[in-house]
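Asks: Hey, dropping query.txt in here, compact mmCIF, C-alpha atoms:
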# COMPACT_ATOMS: atom_id res chain seq x y z
CA MET A 292 20.07 12.36 19.59
CA SER A 293 19.58 12.86 15.87
CA TRP A 294 16.16 13.24 14.29
CA ASP A 295 15.71 14.99 10.98
CA PHE A 296 13.00 15.22 8.32
CA GLU A 297 15.05 17.24 5.84
CA THR A 298 16.92 16.02 2.78
CA ASP A 299 20.56 16.95 2.30
CA PRO A 300 20.56 20.06 0.03
CA GLU A 301 23.03 18.55 -2.46
CA PHE A 302 20.99 15.39 -2.84
CA GLN A 303 17.80 17.45 -3.06
CA LYS A 304 19.27 19.10 -6.15
CA LYS A 305 19.64 15.65 -7.70
CA LEU A 306 16.05 14.80 -6.77
CA ASP A 307 14.84 18.04 -8.34
CA TRP A 308 16.78 17.25 -11.51
CA THR A 309 15.32 13.73 -11.51
CA ALA A 310 11.75 15.01 -11.18
CA ARG A 311 12.18 17.34 -14.18
CA PHE A 312 14.01 14.73 -16.22
CA VAL A 313 11.42 12.00 -15.60
CA ARG A 314 8.51 14.32 -16.36
CA ASP A 315 9.96 15.89 -19.50
CA GLU A 316 12.11 13.16 -21.06
CA VAL A 317 11.16 9.75 -19.63
CA GLU A 318 7.37 9.80 -19.25
CA PRO A 319 6.95 10.29 -23.04
CA LEU A 320 8.42 6.80 -23.48
CA ASP A 321 5.49 5.38 -21.47
CA LEU A 322 3.14 6.72 -24.12
CA VAL A 323 5.12 5.77 -27.22
CA TRP A 324 6.37 2.33 -26.05
CA PRO A 325 4.02 1.27 -23.21
CA HIS A 326 5.02 -2.42 -23.25
CA ASP A 327 8.68 -2.30 -24.31
CA ASN A 328 10.49 -1.26 -21.12
CA TYR A 329 11.81 -4.75 -20.29
CA LYS A 330 12.72 -5.84 -23.79
CA PRO A 331 16.25 -5.86 -25.23
CA LEU A 332 16.87 -2.63 -27.12
CA ASP A 333 16.68 -2.63 -30.89
CA ASP A 334 18.23 0.17 -32.96
CA GLU A 335 15.15 2.38 -32.79
CA HIS A 336 14.86 2.13 -29.01
CA ARG A 337 18.60 2.44 -28.45
CA ARG A 338 18.72 5.71 -30.38
CA VAL A 339 16.41 7.25 -27.77
CA VAL A 340 17.19 5.26 -24.62
CA ASP A 341 21.00 5.22 -24.59
CA PRO A 342 21.36 9.05 -24.49
CA LEU A 343 18.86 9.19 -21.62
CA LYS A 344 20.84 6.58 -19.68
CA GLN A 345 24.00 8.59 -20.28
CA LYS A 346 22.37 11.72 -18.84
CA VAL A 347 21.58 9.70 -15.70
CA ARG A 348 25.18 8.50 -15.48
CA ASP A 349 26.41 12.07 -15.90
CA GLN A 350 24.33 13.01 -12.86
CA GLN A 351 25.81 10.08 -10.89
CA LEU A 352 22.37 8.54 -10.46
CA TRP A 353 22.90 5.25 -12.30
CA ALA A 354 22.31 1.97 -10.38
CA CYS A 355 22.19 3.72 -7.03
CA HIS A 356 21.32 0.50 -5.19
CA LEU A 357 24.88 -0.87 -5.42
CA GLU A 358 28.25 0.23 -4.06
CA PRO A 359 30.64 2.27 -6.26
CA ALA A 360 32.98 -0.71 -6.58
CA LEU A 361 30.15 -2.53 -8.33
CA GLY A 362 29.26 0.32 -10.66
CA GLY A 363 26.59 1.93 -8.48
CA GLN A 364 26.54 4.99 -6.27
CA GLY A 365 26.22 3.42 -2.81
CA TYR A 366 23.53 5.89 -1.77
CA GLY A 367 21.85 3.50 0.65
CA GLN A 368 18.18 2.64 1.02
CA LEU A 369 17.01 6.01 2.35
CA LYS A 370 18.33 7.98 -0.60
CA LEU A 371 17.13 5.22 -2.90
CA ALA A 372 13.64 5.59 -1.40
CA LEU A 373 13.59 9.32 -2.12
CA LEU A 374 14.76 8.66 -5.66
CA ASN A 375 12.40 5.75 -6.29
CA GLU A 376 9.30 7.66 -5.32
CA ILE A 377 10.02 9.87 -8.33
CA LEU A 378 10.84 6.93 -10.59
CA GLY A 379 7.61 5.21 -9.54
CA ARG A 380 5.63 7.68 -11.66
CA SER A 381 6.92 6.13 -14.88
CA ALA A 382 7.17 2.55 -16.18
CA TRP A 383 10.35 3.39 -18.11
CA ALA A 384 12.11 5.41 -15.40
CA PRO A 385 13.58 2.46 -13.43
CA VAL A 386 15.12 1.12 -16.67
CA ILE A 387 16.59 4.51 -17.55
CA PHE A 388 18.12 4.75 -14.05
CA GLY A 389 19.33 1.13 -13.89
CA THR A 390 17.06 0.24 -10.95
CA GLN A 391 14.37 -1.92 -12.59
CA ALA A 392 12.88 -5.05 -11.03
CA PRO A 393 13.71 -7.88 -11.01
CA ASP A 394 17.24 -6.86 -12.00
CA THR A 395 17.92 -4.74 -8.89
CA GLY A 396 17.34 -7.64 -6.53
CA ASN A 397 19.17 -10.09 -8.77
CA ALA A 398 22.14 -7.74 -9.05
CA GLU A 399 22.18 -7.30 -5.29
CA ILE A 400 22.45 -11.02 -4.52
CA ILE A 401 25.08 -11.59 -7.21
CA ALA A 402 27.02 -8.72 -5.65
CA HIS A 403 26.63 -10.26 -2.19
CA PHE A 404 27.13 -13.94 -2.97
CA GLY A 405 28.61 -14.22 -6.46
CA THR A 406 32.15 -15.25 -7.37
CA GLU A 407 34.36 -12.89 -9.33
CA GLN A 408 33.66 -14.92 -12.47
CA GLN A 409 29.90 -14.73 -11.88
CA LYS A 410 30.09 -10.97 -11.34
CA ALA A 411 32.02 -10.50 -14.56
CA THR A 412 29.64 -12.72 -16.56
CA TYR A 413 26.30 -11.59 -15.15
CA LEU A 414 26.56 -8.59 -12.83
CA GLN A 415 28.53 -6.21 -15.00
CA PRO A 416 26.24 -6.56 -18.07
CA LEU A 417 23.26 -6.02 -15.74
CA LEU A 418 24.83 -2.85 -14.39
CA ASP A 419 25.59 -1.67 -17.90
CA GLY A 420 21.92 -2.11 -18.79
CA GLU A 421 22.79 -4.43 -21.66
CA ILE A 422 20.91 -7.52 -20.46
CA PHE A 423 17.87 -8.42 -18.35
CA SER A 424 17.52 -11.18 -15.77
CA CYS A 425 14.85 -13.42 -14.26
CA TYR A 426 14.24 -14.67 -10.71
CA SER A 427 12.84 -18.19 -11.03
CA MET A 428 11.62 -19.18 -7.56
CA THR A 429 7.88 -19.80 -7.23
CA GLU A 430 6.26 -23.04 -8.41
CA PRO A 431 2.77 -23.86 -9.72
CA GLN A 432 1.83 -26.25 -6.91
CA GLY A 433 3.46 -24.33 -4.05
CA GLY A 434 3.27 -20.69 -5.05
CA ALA A 435 5.68 -18.81 -2.80
CA ASP A 436 5.60 -21.54 -0.12
CA VAL A 437 9.07 -23.07 -0.27
CA SER A 438 7.91 -26.12 1.69
CA GLY A 439 5.87 -27.12 -1.37
CA PHE A 440 8.69 -26.79 -3.90
CA GLU A 441 9.67 -29.81 -5.98
CA THR A 442 12.42 -28.57 -8.33
CA THR A 443 15.69 -30.40 -7.72
CA ALA A 444 19.34 -30.02 -8.65
CA VAL A 445 21.38 -33.22 -8.53
CA ARG A 446 25.17 -33.33 -8.67
CA ASP A 447 26.61 -35.24 -11.64
CA GLY A 448 30.38 -35.05 -11.60
CA ASP A 449 31.36 -31.41 -12.03
CA ASP A 450 27.84 -30.47 -13.14
CA TRP A 451 24.39 -30.00 -11.68
CA ILE A 452 21.26 -31.33 -13.39
CA ILE A 453 18.11 -29.32 -12.71
CA ASN A 454 14.59 -30.73 -13.06
CA GLY A 455 11.27 -29.13 -12.22
CA TRP A 456 8.67 -26.51 -13.08
CA LYS A 457 8.65 -22.83 -12.15
CA PHE A 458 5.73 -20.43 -12.37
CA PHE A 459 5.55 -16.63 -12.63
CA SER A 460 9.25 -16.29 -13.43
CA SER A 461 9.21 -12.60 -14.25
CA ASN A 462 10.78 -11.44 -17.50
CA ALA A 463 12.27 -14.81 -18.47
CA ARG A 464 11.05 -14.11 -22.01
CA TYR A 465 13.61 -11.35 -22.42
CA ALA A 466 16.20 -12.44 -19.86
CA THR A 467 19.71 -13.64 -20.57
CA PHE A 468 19.79 -15.76 -17.42
CA CYS A 469 17.59 -17.01 -14.58
CA ILE A 470 18.40 -17.35 -10.90
CA VAL A 471 16.83 -20.71 -10.05
CA MET A 472 15.97 -22.02 -6.57
CA ALA A 473 16.13 -25.82 -6.29
CA TYR A 474 16.48 -28.59 -3.72
CA THR A 475 19.99 -30.01 -3.48
CA ASP A 476 19.17 -31.97 -0.31
CA LYS A 477 15.47 -32.72 0.20
CA ASP A 478 16.11 -34.42 3.54
CA ALA A 479 17.51 -31.17 4.98
CA GLY A 480 14.22 -29.35 4.38
CA PRO A 481 13.58 -26.07 2.57
CA HIS A 482 15.62 -23.79 4.85
CA LYS A 483 18.87 -25.78 4.66
CA GLY A 484 18.39 -28.05 1.67
CA MET A 485 17.88 -25.59 -1.20
CA SER A 486 20.45 -23.82 -3.36
CA MET A 487 20.53 -21.05 -5.97
CA PHE A 488 21.86 -21.42 -9.51
CA LEU A 489 22.68 -19.04 -12.35
CA VAL A 490 21.18 -20.62 -15.47
CA PRO A 491 21.45 -19.11 -18.98
CA THR A 492 18.04 -18.99 -20.63
CA ASP A 493 19.43 -20.64 -23.78
CA SER A 494 20.45 -23.75 -21.82
CA PRO A 495 19.28 -27.03 -23.45
CA GLY A 496 16.24 -28.34 -21.59
CA LEU A 497 15.04 -24.92 -20.41
CA THR A 498 11.67 -24.39 -22.07
CA ILE A 499 9.27 -21.51 -21.54
CA GLU A 500 5.94 -23.29 -21.87
CA ARG A 501 3.86 -20.10 -21.62
CA ASN A 502 4.28 -16.38 -21.09
CA LEU A 503 1.35 -15.22 -18.96
CA ALA A 504 0.20 -11.62 -19.28
CA LEU A 505 -0.64 -9.54 -16.23
CA ILE A 506 -4.19 -8.22 -16.04
CA HIS A 507 -3.23 -4.87 -17.54
CA GLU A 508 -1.14 -6.30 -20.40
CA PRO A 509 -2.10 -7.53 -23.87
CA VAL A 510 -1.94 -11.32 -24.01
CA ASP A 511 0.89 -11.36 -26.55
CA GLU A 512 2.98 -9.00 -24.38
CA GLY A 513 3.03 -11.26 -21.30
CA SER A 514 6.36 -12.11 -19.69
CA GLU A 515 5.48 -14.01 -16.49
CA ALA A 516 6.92 -17.33 -17.55
CA TYR A 517 5.84 -20.90 -16.86
CA ILE A 518 9.15 -22.74 -17.24
CA HIS A 519 10.06 -26.40 -17.53
CA TYR A 520 13.59 -27.32 -16.46
CA ASP A 521 14.07 -30.73 -18.08
CA ASN A 522 17.50 -32.17 -17.27
CA VAL A 523 19.10 -28.73 -17.56
CA ARG A 524 22.82 -29.24 -17.09
CA VAL A 525 24.92 -26.43 -15.62
CA PRO A 526 28.51 -26.47 -14.36
CA HIS A 527 29.32 -26.52 -10.65
CA THR A 528 30.36 -22.88 -11.00
CA ALA A 529 26.69 -22.00 -11.61
CA LEU A 530 26.02 -22.36 -7.87
CA LEU A 531 25.25 -18.90 -6.40
CA GLY A 532 26.43 -18.74 -2.81
CA ASP A 533 27.06 -21.84 -0.73
CA GLU A 534 25.15 -25.07 -1.21
CA GLY A 535 22.06 -25.21 0.99
CA ARG A 536 21.89 -21.44 1.56
CA ALA A 537 19.20 -20.52 -0.96
CA PHE A 538 16.79 -19.36 1.73
CA GLU A 539 19.38 -16.92 3.09
CA VAL A 540 20.11 -15.63 -0.42
CA ALA A 541 16.39 -15.30 -1.11
CA GLN A 542 15.78 -13.20 2.01
CA VAL A 543 18.45 -10.70 0.95
CA ARG A 544 16.95 -10.49 -2.52
CA LEU A 545 13.30 -10.36 -1.50
CA GLY A 546 13.90 -7.92 1.35
CA GLY A 547 15.32 -5.34 -1.03
CA GLY A 548 12.67 -6.04 -3.65
CA ARG A 549 9.82 -5.52 -1.20
CA VAL A 550 11.20 -2.18 -0.07
CA HIS A 551 11.76 -1.02 -3.64
CA HIS A 552 8.19 -1.90 -4.64
CA ALA A 553 6.91 0.18 -1.72
CA MET A 554 9.20 3.07 -2.65
CA ARG A 555 7.97 3.18 -6.22
CA THR A 556 4.36 2.85 -5.10
CA VAL A 557 4.71 6.09 -3.13
CA GLY A 558 5.39 7.89 -6.41
CA LEU A 559 2.61 6.11 -8.29
CA ALA A 560 0.05 6.89 -5.58
CA GLN A 561 1.22 10.50 -5.48
CA ARG A 562 0.60 10.75 -9.22
CA ALA A 563 -2.95 9.44 -8.72
CA LEU A 564 -3.50 12.01 -5.96
CA ASP A 565 -2.16 14.80 -8.18
CA MET A 566 -4.54 13.73 -10.94
CA MET A 567 -7.44 13.69 -8.47
CA CYS A 568 -6.69 17.24 -7.30
CA GLU A 569 -6.35 18.58 -10.84
CA ARG A 570 -9.65 16.98 -11.87
CA ALA A 571 -11.41 18.29 -8.77
CA LEU A 572 -10.28 21.84 -9.52
CA SER A 573 -11.10 21.59 -13.23
CA ARG A 574 -14.58 20.03 -13.37
CA THR A 575 -17.94 21.34 -12.18
CA THR A 576 -21.33 19.87 -11.29
CA ARG A 577 -24.41 22.07 -10.88
CA GLY A 578 -22.36 25.22 -10.95
CA LYS A 579 -19.74 24.15 -8.38
CA ALA A 580 -16.23 22.84 -8.83
CA LEU A 581 -15.81 19.24 -7.68
CA SER A 582 -13.22 20.56 -5.21
CA GLU A 583 -16.04 22.34 -3.36
CA ARG A 584 -18.01 19.14 -2.86
CA GLU A 585 -17.64 17.61 0.59
CA THR A 586 -17.27 14.04 -0.65
CA VAL A 587 -14.44 14.99 -3.00
CA GLN A 588 -12.75 16.99 -0.25
CA ASN A 589 -12.96 13.88 1.94
CA TYR A 590 -11.37 11.80 -0.82
CA ILE A 591 -8.48 14.24 -1.13
CA ALA A 592 -7.91 14.58 2.62
CA GLU A 593 -8.05 10.81 3.23
CA SER A 594 -5.69 10.14 0.33
CA TYR A 595 -3.19 12.76 1.48
CA ALA A 596 -3.11 11.44 5.05
CA GLN A 597 -2.91 7.80 3.95
CA LEU A 598 -0.06 8.51 1.56
CA GLU A 599 1.92 10.60 4.05
CA GLN A 600 1.68 7.88 6.70
CA PHE A 601 2.80 5.25 4.20
CA ARG A 602 5.64 7.41 2.87
CA LEU A 603 7.04 8.06 6.34
CA PHE A 604 6.82 4.35 7.18
CA VAL A 605 8.70 3.46 3.98
CA LEU A 606 11.38 6.08 4.67
CA ARG A 607 11.80 4.93 8.26
CA THR A 608 12.17 1.32 7.11
CA ALA A 609 14.78 2.36 4.55
CA TRP A 610 16.60 4.31 7.28
CA LEU A 611 16.53 1.25 9.54
CA ILE A 612 18.04 -0.94 6.80
CA ASP A 613 20.85 1.59 6.33
CA LYS A 614 21.43 1.71 10.07
CA THR A 615 21.50 -2.05 10.72
CA LYS A 616 22.91 -3.20 7.35
CA ASP A 617 20.83 -6.33 7.88
CA TYR A 618 17.49 -7.05 6.17
CA SER A 619 16.70 -9.80 8.68
CA LEU A 620 16.68 -7.30 11.56
CA CYS A 621 14.15 -5.18 9.65
CA ARG A 622 11.89 -8.04 8.56
CA ARG A 623 8.85 -6.92 10.58
CA ASP A 624 8.76 -3.43 9.08
CA ILE A 625 9.62 -4.65 5.58
CA SER A 626 6.64 -7.02 5.76
CA ALA A 627 4.42 -4.24 7.11
CA ILE A 628 5.13 -1.82 4.26
CA LYS A 629 4.80 -4.75 1.83
CA PHE A 630 1.22 -5.53 2.87
CA LEU A 631 0.35 -1.83 3.00
CA THR A 632 1.57 -1.24 -0.57
CA PRO A 633 -1.41 -2.69 -2.49
CA LYS A 634 -3.99 -1.18 -0.12
CA VAL A 635 -2.57 2.35 -0.27
CA LEU A 636 -2.33 2.21 -4.05
CA HIS A 637 -5.81 0.74 -4.47
CA ASP A 638 -7.50 3.21 -2.12
CA ILE A 639 -5.99 6.35 -3.63
CA VAL A 640 -6.39 5.26 -7.24
CA GLN A 641 -9.99 4.18 -6.59
CA ARG A 642 -10.84 7.63 -5.20
CA SER A 643 -9.11 9.28 -8.15
CA ILE A 644 -11.16 7.16 -10.56
CA GLN A 645 -14.36 8.23 -8.82
CA VAL A 646 -13.43 11.91 -9.16
CA HIS A 647 -12.63 11.43 -12.84
CA GLY A 648 -16.00 9.78 -13.41
CA ALA A 649 -16.51 7.79 -16.61
CA LEU A 650 -13.17 9.00 -17.96
CA GLY A 651 -11.43 7.28 -15.03
CA VAL A 652 -12.46 3.80 -16.14
CA THR A 653 -11.28 4.25 -19.72
CA GLN A 654 -7.76 3.81 -21.03
CA ASP A 655 -7.57 7.51 -21.85
CA THR A 656 -5.89 8.06 -18.48
CA PRO A 657 -3.26 5.94 -16.67
CA LEU A 658 -5.65 5.31 -13.77
CA ALA A 659 -6.93 1.97 -15.08
CA LYS A 660 -3.41 0.57 -15.29
CA MET A 661 -2.61 1.94 -11.83
CA TRP A 662 -5.74 0.32 -10.40
CA VAL A 663 -4.94 -3.15 -11.69
CA THR A 664 -1.35 -2.79 -10.46
CA ALA A 665 -2.63 -2.92 -6.88
CA PRO A 666 -3.57 -6.64 -6.84
CA VAL A 667 -0.27 -7.43 -8.56
CA MET A 668 1.54 -5.68 -5.69
CA GLY A 669 -0.44 -7.88 -3.29
CA LEU A 670 1.23 -10.99 -4.73
CA VAL A 671 4.75 -10.18 -5.94
CA ASP A 672 7.56 -10.99 -3.50
CA GLY A 673 5.15 -12.85 -1.24
CA PRO A 674 1.37 -12.62 -0.84
CA THR A 675 -0.17 -10.11 1.54
CA GLU A 676 -1.48 -12.83 3.86
CA VAL A 677 2.03 -14.18 4.50
CA HIS A 678 3.31 -10.75 5.47
CA LEU A 679 0.34 -10.08 7.74
CA ARG A 680 1.13 -13.28 9.61
CA GLN A 681 4.84 -12.44 9.86
CA VAL A 682 4.14 -9.00 11.27
CA ALA A 683 1.63 -10.37 13.78
CA ARG A 684 4.12 -12.98 14.97
CA ALA A 685 6.89 -10.40 15.32
CA VAL A 686 4.66 -8.02 17.28
CA LEU A 687 3.38 -10.81 19.54
CA ALA A 688 6.97 -11.89 20.25
CA ASP A 689 7.45 -8.60 22.13
CA HIS A 690 4.53 -9.30 24.45
CA ARG A 691 3.72 -11.78 27.20
CA SER A 692 0.52 -13.40 28.43
CA THR A 693 -0.77 -12.86 31.98
CA ASP A 694 -0.71 -15.60 34.58
CA GLY A 695 -3.89 -14.61 36.37
CA LEU A 696 -7.51 -14.41 35.43
CA TRP A 697 -7.58 -10.69 34.65
CA PRO A 698 -5.61 -8.62 32.12
CA THR A 699 -2.78 -6.36 33.30
CA ASP A 700 -4.92 -3.26 32.83
CA HIS A 701 -7.87 -4.64 34.81
CA ILE A 702 -8.87 -1.50 36.71
CA PRO A 703 -10.27 -3.10 39.90
CA SER A 704 -7.06 -5.14 40.33
CA LYS A 705 -4.83 -2.13 39.62
CA LEU A 706 -6.86 0.05 41.97
CA ALA A 707 -6.47 -2.44 44.83
CA ALA A 708 -2.71 -2.65 44.16
CA ALA A 709 -2.41 1.16 44.00
CA LYS A 710 -4.23 1.58 47.32
CA GLY A 711 -1.94 -1.03 48.88
CA ARG A 712 1.19 0.83 47.72
CA LEU A 713 -0.14 4.13 48.96
CA GLY A 714 -1.38 2.75 52.26
CA ILE A 715 -4.97 3.72 51.58
CA ALA A 716 -7.72 1.55 53.03
Just give me the structure of the file as structure tokens.

Replies:
Amino acid sequence: MSWDFETDPEFQKKLDWTARFVRDEVEPLDLVWPHDNYKPLDDEHRRVVDPLKQKVRDQQLWACHLEPALGGQGYGQLKLALLNEILGRSAWAPVIFGTQAPDTGNAEIIAHFGTEQQKATYLQPLLDGEIFSCYSMTEPQGGADVSGFETTAVRDGDDWIINGWKFFSSNARYATFCIVMAYTDKDAGPHKGMSMFLVPTDSPGLTIERNLALIHEPVDEGSEAYIHYDNVRVPHTALLGDEGRAFEVAQVRLGGGRVHHAMRTVGLAQRALDMMCERALSRTTRGKALSERETVQNYIAESYAQLEQFRLFVLRTAWLIDKTKDYSLCRRDISAIKFLTPKVLHDIVQRSIQVHGALGVTQDTPLAKMWVTAPVMGLVDGPTEVHLRQVARAVLADHRSTDGLWPTDHIPSKLAAAKGRLGIA
């Protein structure tokens, strides 16, 4: 039996280096360029960013989510979780470490399902940090419900012609290519009739109608695209994976993405808790530090316990993925940490805002941005309600109904049975 809550000492050294590096050299970028982390680098940004990326490569911490043969480190999900909880403190850190969404998930499915030509064209530039990508799945009328999708891809000789509308296609504004989910056989239904395609964003007929801003972003900085695919022609080689297997590809991509969001949220929530503790120790009311007030002590204790439970659940789920090498076998726990992510973040940040008082609701601290990140986490990679239902179904599948009138733990029935076994009248 093996059961251990310690981190390998050599990897802990890397984590310690990462924590110092992110705090001292990466977090300043969040202040200077708060909305630029997913944009292509211009000369001014490259002068600062490229040396930071090189320091990460020198530490063998670049693109840790992929195997060495693909330019990553092959650390597995557990080590990635420990790393990501540090990176979650900073908006720029995932970019500096080559683990930013949506590129991590997109790189993972190209690595799993892509041809050698597709890997050379799309995967390698992603790994080098030279381009960004977009995952173009959800649709305005169906949201994340694939049964309501209408986008189609029709074969025309050696090409495919894509028609439809996609909504909330993250980062399409700055992406070099999109991974597009479309029906290739409507009669086969969504689970066997949809396929994935690699589509360059400069393809004729691909039009970004709007770039929607998230609730914490300036309107002109939005990058959640509403896209029209109007007779977009791509070669047959644009097909990612086998025809009709889009749902399988999507589960690999979304499974990893959901875990990574949870990992980074651990770090973000920890930062909010750290801020709460510092404020509680630093401020006074009526001659007493806030840390001596019972309500504030309750906030801190509840936040600590909530975060520790969540962190252990995330780490266990990452461990299970490493053990099984199969996201589908871990679907219940992946969904569980996914629906916990927005609640844990909201609860801890909300308490931290309360302890900060009026300052907490201004943009003079990062708390406001953290707070509005919580509802975003409740929607990306599948809404909370969907994951609640999936977890409930998975848990119920391990249980059975009773045949009789009374439940199994009906005491009078159990007592009568016990007396019968023991020969007691």

Asks: So how many Å separate atom CA of A:Val640 and atom CA of A:Ala659, to one decimal?

Replies: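 If I compute the distance from atom CA of A:Val640 to atom CA of A:Ala659, I get 8.5 Å.
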
Asks: Find the spatial neighbours of stretch 673-682 of chain A, counting only C-alpha atoms, within a cut-off of 8 Å - ignore same-chain residues fewer than 5 positions away - and output them as JSON, numbers by chain.

Replies: {"A": [435, 623, 624, 626, 627, 629, 630]}

Asks: Could you save the residues just selected, with C-alpha atoms, as a compact mmCIF listing (two decimals), in the frame of the given file?

Replies:
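That gives us part_7.txt:
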# COMPACT_ATOMS: atom_id res chain seq x y z
CA ALA A 435 5.68 -18.81 -2.80
CA ARG A 623 8.85 -6.92 10.58
CA ASP A 624 8.76 -3.43 9.08
CA SER A 626 6.64 -7.02 5.76
CA ALA A 627 4.42 -4.24 7.11
CA LYS A 629 4.80 -4.75 1.83
CA PHE A 630 1.22 -5.53 2.87

Asks: Hey, could you make a per-residue contact list for stretch 348-442 of chain A against stretch 452-458 of chain A with 12 Å as the cut-off, showing the nearest pair of atoms and its distance in Å to one decimal, counting all atoms listed in the file, sorted by chain and number, as a Markdown table?

Replies:
| residue | atom | partner | partner_atom | distance |
| --- | --- | --- | --- | --- |
| A:Cys425 | CA | A:Lys457 | CA | 11.5 |
| A:Tyr426 | CA | A:Lys457 | CA | 10.0 |
| A:Ser427 | CA | A:Lys457 | CA | 6.4 |
| A:Met428 | CA | A:Lys457 | CA | 6.6 |
| A:Thr429 | CA | A:Phe458 | CA | 5.6 |
| A:Glu430 | CA | A:Lys457 | CA | 4.4 |
| A:Pro431 | CA | A:Phe458 | CA | 5.2 |
| A:Gln432 | CA | A:Phe458 | CA | 8.9 |
| A:Gly433 | CA | A:Phe458 | CA | 9.5 |
| A:Gly434 | CA | A:Phe458 | CA | 7.7 |
| A:Ala435 | CA | A:Phe458 | CA | 9.7 |
| A:Val437 | CA | A:Lys457 | CA | 11.9 |
| A:Gly439 | CA | A:Lys457 | CA | 11.9 |
| A:Phe440 | CA | A:Gly455 | CA | 9.0 |
| A:Glu441 | CA | A:Gly455 | CA | 6.5 |
| A:Thr442 | CA | A:Gly455 | CA | 4.1 |

Asks: Go through stretch 622-716 of chain A residue by residue and, counting all atoms listed in the file, keep those with an atom at most 8 Å from stretch 566-583 of chain A; for each kept residue give the shortest atom pair and its distance in Å to one decimal, ordered by chain and increasing number, as CSV.

Replies:
residue,atom,partner,partner_atom,distance
A:Arg642,CA,A:Met567,CA,7.7
A:Ser643,CA,A:Met567,CA,4.7
A:Ile644,CA,A:Met567,CA,7.8
A:Val646,CA,A:Met567,CA,6.3
A:His647,CA,A:Arg570,CA,6.4

Asks: With C-alpha atoms retained, write the just-selected residues as a PDB file, in the frame of the given file.

Replies:
ATOM      1  CA  ARG A 642     -10.840   7.630  -5.200  1.00  0.00           C
ATOM      2  CA  SER A 643      -9.110   9.280  -8.150  1.00  0.00           C
ATOM      3  CA  ILE A 644     -11.160   7.160 -10.560  1.00  0.00           C
ATOM      4  CA  VAL A 646     -13.430  11.910  -9.160  1.00  0.00           C
ATOM      5  CA  HIS A 647     -12.630  11.430 -12.840  1.00  0.00           C
TER       6      HIS A 647
END

Asks: Which residue gives the smallest distance to A:Glu318 among A:Gln542, A:Gln415, A:Ser381, A:Ser514, with all atoms listed in the file counted?

Replies: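 For A:Glu318, the nearest of the candidates is A:Ser381.
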
Asks: List every residue of stretch 366-416 of chain A that has an atom at most 6 Å from any atom of stretch 346-362 of chain A, giving for each one its closest atom pair and the distance in Å to one decimal, counting only C-alpha atoms, sorted by chain and then by ascending residue number, as JSON lines.

Replies:
{"residue": "A:Tyr366", "atom": "CA", "partner": "A:Cys355", "partner_atom": "CA", "distance": 5.8}
{"residue": "A:Phe388", "atom": "CA", "partner": "A:Trp353", "partner_atom": "CA", "distance": 5.1}
{"residue": "A:Gly389", "atom": "CA", "partner": "A:Ala354", "partner_atom": "CA", "distance": 4.7}
{"residue": "A:Thr390", "atom": "CA", "partner": "A:Ala354", "partner_atom": "CA", "distance": 5.6}

Asks: Restricting the calculation to all atoms listed in the file: of A:Ser486, A:Ala609, A:Pro633, A:Ala463, which residue gets closest to A:Asp533?

Replies: A:Ser486

Asks: Between A:Asp689, A:Phe312, A:Leu369, A:Asp299, which is the closest to A:Lys614 once you count only C-alpha atoms?

Replies: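 For A:Lys614, the nearest of the given residues is A:Leu369.
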
Asks: Atom CA of A:Gly547 and atom CA of A:Gln641 are how many Å apart?

Replies: 27.6 Å

Asks: Find the distance between atom CA of A:Ala596 and atom CA of A:Ala665 and write it in Å to one decimal.

Replies: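 Atom CA of A:Ala665 lies at a distance of 18.7 Å from atom CA of A:Ala596.
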
Asks: Using all atoms listed in the file, find the one residue out of A:Thr467, A:Ser461, A:Asn375, A:Thr664 that sits nearest to A:Leu414.

Replies: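 Of A:Thr467, A:Ser461, A:Asn375, A:Thr664, the one nearest A:Leu414, counting all atoms listed in the file, is A:Thr467.
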
Asks: Tell me which of A:Val445, A:Val671, A:Ala466, A:Leu620 sits closest to A:Ile422, counting all atoms listed in the file.

Replies: A:Ala466
